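Engineer: Quick one: this structure, given as structure tokens, is what I'll be asking you about.
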Amino acid sequence: MFELYVNEGGRRLRCGYTTGSCAALAAQGAARALLLGQQPETARILTPKGVAVEVELLEWKIEPDRVSCAVVKDGGEDVDATDGALIFASVERTEKPGIEIDGGEGVGRVTKPGLEQPVGAAAINRVPRQMIAAELEAVCAQAGYTGGLRVVVSVPRGQEIALRTFNPNLGIVGGISILGTTGIVEPRSLRALCDSIRVEMRQIAANSSGDLIITPGNYGADFIAQYPRLRGVPVEQCANFIGSALDFAAEFGFRRVLLVGHIGKFIKLAGGITDTHSRTADCRMEIFAAHAALLGAPRSDIQQIMQAVTTDDCLDIAERGGYLKEILPALIEKAQWHAARRAAGSFEVGVVMFSNKRGVLGASEQAEKITRAMEEER
């Protein structure tokens, strides 16, 4: 068992390791057998987080020019559809120098633009690809091998598991994605996370003038740091709990609150969704399509919007259709309406929406008023 723990809300929760780590571990083991003539019982890697993971290697299949083995995915105490799945890596020699990485059975294929990997590629994200390549290059150097290697990652139950993930909605077909930017899965108790947000907001309220910026996560925090008009105002990251954060703002007597968020989250708020996790609700494309239809967008645009992968894709469609400048204020004002409804007069609230690609998309009239007042007092 992987022994790494985090504390969440007074509970000690065990971490796991990502499908990307599993693929890198299996690839390392297979390469060692192929190039060094070993059949190691375990493989060990240092994840991008700086935490070492060592696991047992299983399901060996050894041929003269190809070796495969598997690692059992351990999601720790996180809610993880891939927990317990076998992640295989098959490694073979190639005449072409370099490391070629592809997906086999149970690893999804990208069918729509807008994701990290291009259309047609295996759904193996950038960091796992880097991890796999680094492990294979290290074994090649140890063996003095200067040729190329091809690694195929497969997950025999991947297609079945993918039905319990968001992949079908993203246009990833045929299996799961191989993911993970840190290599480690850190479990989060949703109740504990919500409770910690409440505690942090109570502390801010006790040490501030009553102004607060609420943003879902790192994208918003990074955006705020670059936006001079918002500097100096306390910021609380609310994850997906927009509605609960507004409730806490009322509970602790804040007087002015700015909601600052990426359109990918806040378009859900425009539909009255205040718990924005994809497991709870999505409807991003449906909400965008409804507003586009109200503006008279042609049926072909609505069809494209409904098939889009990201909200940035939707913005591109609206720009080509000539109604981008009309749809953004409509979405922002609807998000504003739902935020004000949740606040129920307990405090002033305004909405600022942005995208990583386009920057500031707009602010509600109430947000502009609140921002000016915050500036004047600072």
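Residues are referred to by chain and number: the chain letter is A, B, ... according to the order shown in the structure tokens, the number counts from 1 in that chain, and ligands are numbered separately from 1 in the order shown.
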As a VMD selection string, please: every residue in region 122-218 of chain A that a backbone DSSP assignment puts in helix (DSSP H, G or I).
Structural biologist: chain A and resid 126 to 143 158 to 162 167 to 170 190 to 206 218
Engineer: Leaving out Phe241 (chain A) and any residue of its chain fewer than 2 positions from it, which residues lie within 8 Å of it when counting only C-alpha atoms, given as a PyMOL selection string?
Structural biologist: chain A and resi 194+216+238-239+243-245+274-276
Engineer: Residues near region 17-28 of chain A, anyone? I mean within 9 Å using only C-alpha atoms, not counting same-chain ones fewer than 4 positions away, as JSON, numbers by chain.
Structural biologist: {"A": [2, 32, 33, 42, 43, 44, 45, 47, 53, 54, 55, 57, 58, 68, 69, 70, 71, 72, 73, 74, 75, 76, 82, 86, 87, 88, 89, 90, 91, 124, 125, 127, 128, 129, 130, 131, 132, 133, 134, 135, 136, 138, 139, 151, 152, 153, 154, 177, 178, 179, 180, 181, 182, 183, 184, 185, 186]}
Engineer: Of the candidates A:His291, A:Arg299, A:Arg378, A:Arg14, which shows the shortest atom-to-atom distance to Gly271 (chain A), using only C-alpha atoms?
Structural biologist: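 Checking each candidate against Gly271 (chain A), we get A:His291 as the closest.
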Engineer: If you measure from CA of Pro234 (chain A) to CA of Gly272 (chain A), what distance in Å do you get, rounded to one decimal?
Structural biologist: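 Between CA of Pro234 (chain A) and CA of Gly272 (chain A) the gap is 25.4 Å.
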Engineer: Which is closest to Tyr219 (chain A) among A:Phe354, A:Tyr5, A:Phe252, A:Phe288, if we use only C-alpha atoms?
Structural biologist: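 Checking each of A:Phe354, A:Tyr5, A:Phe252, A:Phe288 against Tyr219 (chain A), counting only C-alpha atoms, the winner is A:Phe354.
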Engineer: For region 334-350 of chain A, please output as number ranges by chain all residues within 12 Å (counting only C-alpha atoms; exclusion window: fewer than 5 positions along the same chain).
Structural biologist: A: 210-215, 242-261, 263, 265-274, 287-288, 291, 327-329, 362-374
Engineer: Give me the residues near Phe223 (chain A) as a ChimeraX atom specification, where near means some atom within 12 Å (using only C-alpha atoms) and where sequence neighbours in that chain fewer than 3 positions away do not count.
Structural biologist: /A:213,215-220,226-231,235,260-262,352-360
Engineer: What is the distance between CA of Val351 (chain A) and CA of Cys283 (chain A), in Å to one decimal?
Structural biologist: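 Separation between CA of Val351 (chain A) and CA of Cys283 (chain A): 19.4 Å.
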Engineer: Got a sec to tell me which of region 184-297 of chain A DSSP assigns to strand (DSSP E), as a list in words?
Structural biologist: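 Residues meeting the strand (DSSP E) criterion: Ile184, Val185, Asp211, Leu212, Ile213, Ile214, Thr215, Val235, Glu236, Gln237, Arg256, Val257, Leu258, Leu259, Val260, Gly261 and His262 of chain A.
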Engineer: Convert the current residue selection to file output with N, CA and C atoms, as an mmCIF file, in the first residue's frame.
Structural biologist:
data_model
loop_
_atom_site.group_PDB
_atom_site.id
_atom_site.type_symbol
_atom_site.label_atom_id
_atom_site.label_comp_id
_atom_site.auth_asym_id
_atom_site.auth_seq_id
_atom_site.Cartn_x
_atom_site.Cartn_y
_atom_site.Cartn_z
ATOM 1 N N ILE A 184 0.721 12.350 -8.249
ATOM 2 C CA ILE A 184 0.129 11.917 -6.985
ATOM 3 C C ILE A 184 -1.332 12.331 -6.931
ATOM 4 N N VAL A 185 -2.176 11.444 -6.434
ATOM 5 C CA VAL A 185 -3.589 11.748 -6.210
ATOM 6 C C VAL A 185 -3.753 12.130 -4.739
ATOM 7 N N ASP A 211 -14.663 43.651 2.586
ATOM 8 C CA ASP A 211 -14.598 43.406 1.143
ATOM 9 C C ASP A 211 -13.949 42.049 0.893
ATOM 10 N N LEU A 212 -14.400 41.382 -0.154
ATOM 11 C CA LEU A 212 -13.887 40.049 -0.447
ATOM 12 C C LEU A 212 -14.012 39.764 -1.933
ATOM 13 N N ILE A 213 -13.010 39.055 -2.469
ATOM 14 C CA ILE A 213 -13.087 38.496 -3.819
ATOM 15 C C ILE A 213 -13.181 36.987 -3.679
ATOM 16 N N ILE A 214 -14.153 36.394 -4.332
ATOM 17 C CA ILE A 214 -14.311 34.943 -4.344
ATOM 18 C C ILE A 214 -14.015 34.449 -5.751
ATOM 19 N N THR A 215 -13.164 33.445 -5.856
ATOM 20 C CA THR A 215 -12.818 32.878 -7.154
ATOM 21 C C THR A 215 -12.713 31.369 -7.011
ATOM 22 N N VAL A 235 -8.685 37.516 -1.012
ATOM 23 C CA VAL A 235 -9.198 36.572 -2.008
ATOM 24 C C VAL A 235 -9.433 35.224 -1.347
ATOM 25 N N GLU A 236 -10.598 34.656 -1.592
ATOM 26 C CA GLU A 236 -10.911 33.306 -1.107
ATOM 27 C C GLU A 236 -11.183 32.399 -2.304
ATOM 28 N N GLN A 237 -10.477 31.266 -2.376
ATOM 29 C CA GLN A 237 -10.728 30.282 -3.417
ATOM 30 C C GLN A 237 -11.825 29.334 -2.929
ATOM 31 N N ARG A 256 -19.293 43.719 0.668
ATOM 32 C CA ARG A 256 -19.134 43.752 -0.789
ATOM 33 C C ARG A 256 -18.332 42.529 -1.227
ATOM 34 N N VAL A 257 -18.845 41.832 -2.226
ATOM 35 C CA VAL A 257 -18.192 40.623 -2.718
ATOM 36 C C VAL A 257 -18.113 40.678 -4.241
ATOM 37 N N LEU A 258 -16.915 40.451 -4.762
ATOM 38 C CA LEU A 258 -16.725 40.284 -6.206
ATOM 39 C C LEU A 258 -16.523 38.809 -6.499
ATOM 40 N N LEU A 259 -17.300 38.273 -7.413
ATOM 41 C CA LEU A 259 -17.090 36.930 -7.933
ATOM 42 C C LEU A 259 -16.283 37.053 -9.217
ATOM 43 N N VAL A 260 -15.081 36.481 -9.222
ATOM 44 C CA VAL A 260 -14.196 36.574 -10.387
ATOM 45 C C VAL A 260 -13.893 35.148 -10.846
ATOM 46 N N GLY A 261 -14.273 34.843 -12.096
ATOM 47 C CA GLY A 261 -14.067 33.468 -12.516
ATOM 48 C C GLY A 261 -13.969 33.282 -14.012
ATOM 49 N N HIS A 262 -13.396 32.146 -14.366
ATOM 50 C CA HIS A 262 -13.268 31.723 -15.761
ATOM 51 C C HIS A 262 -14.652 31.399 -16.317
#
Engineer: What is the distance between CA of Gly264 (chain A) and CA of Thr311 (chain A), in Å to one decimal?
Structural biologist: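 These atoms are spaced 5.7 Å apart.
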Engineer: With only C-alpha atoms as the counted atoms, please give the residues lying no more than 12 Å from Ser300 (chain A), apart from itself and same-chain residues fewer than 6 positions off, as an MDAnalysis selection string.
Structural biologist: chainID A and resid 289 292:293 306:307 317:318 321
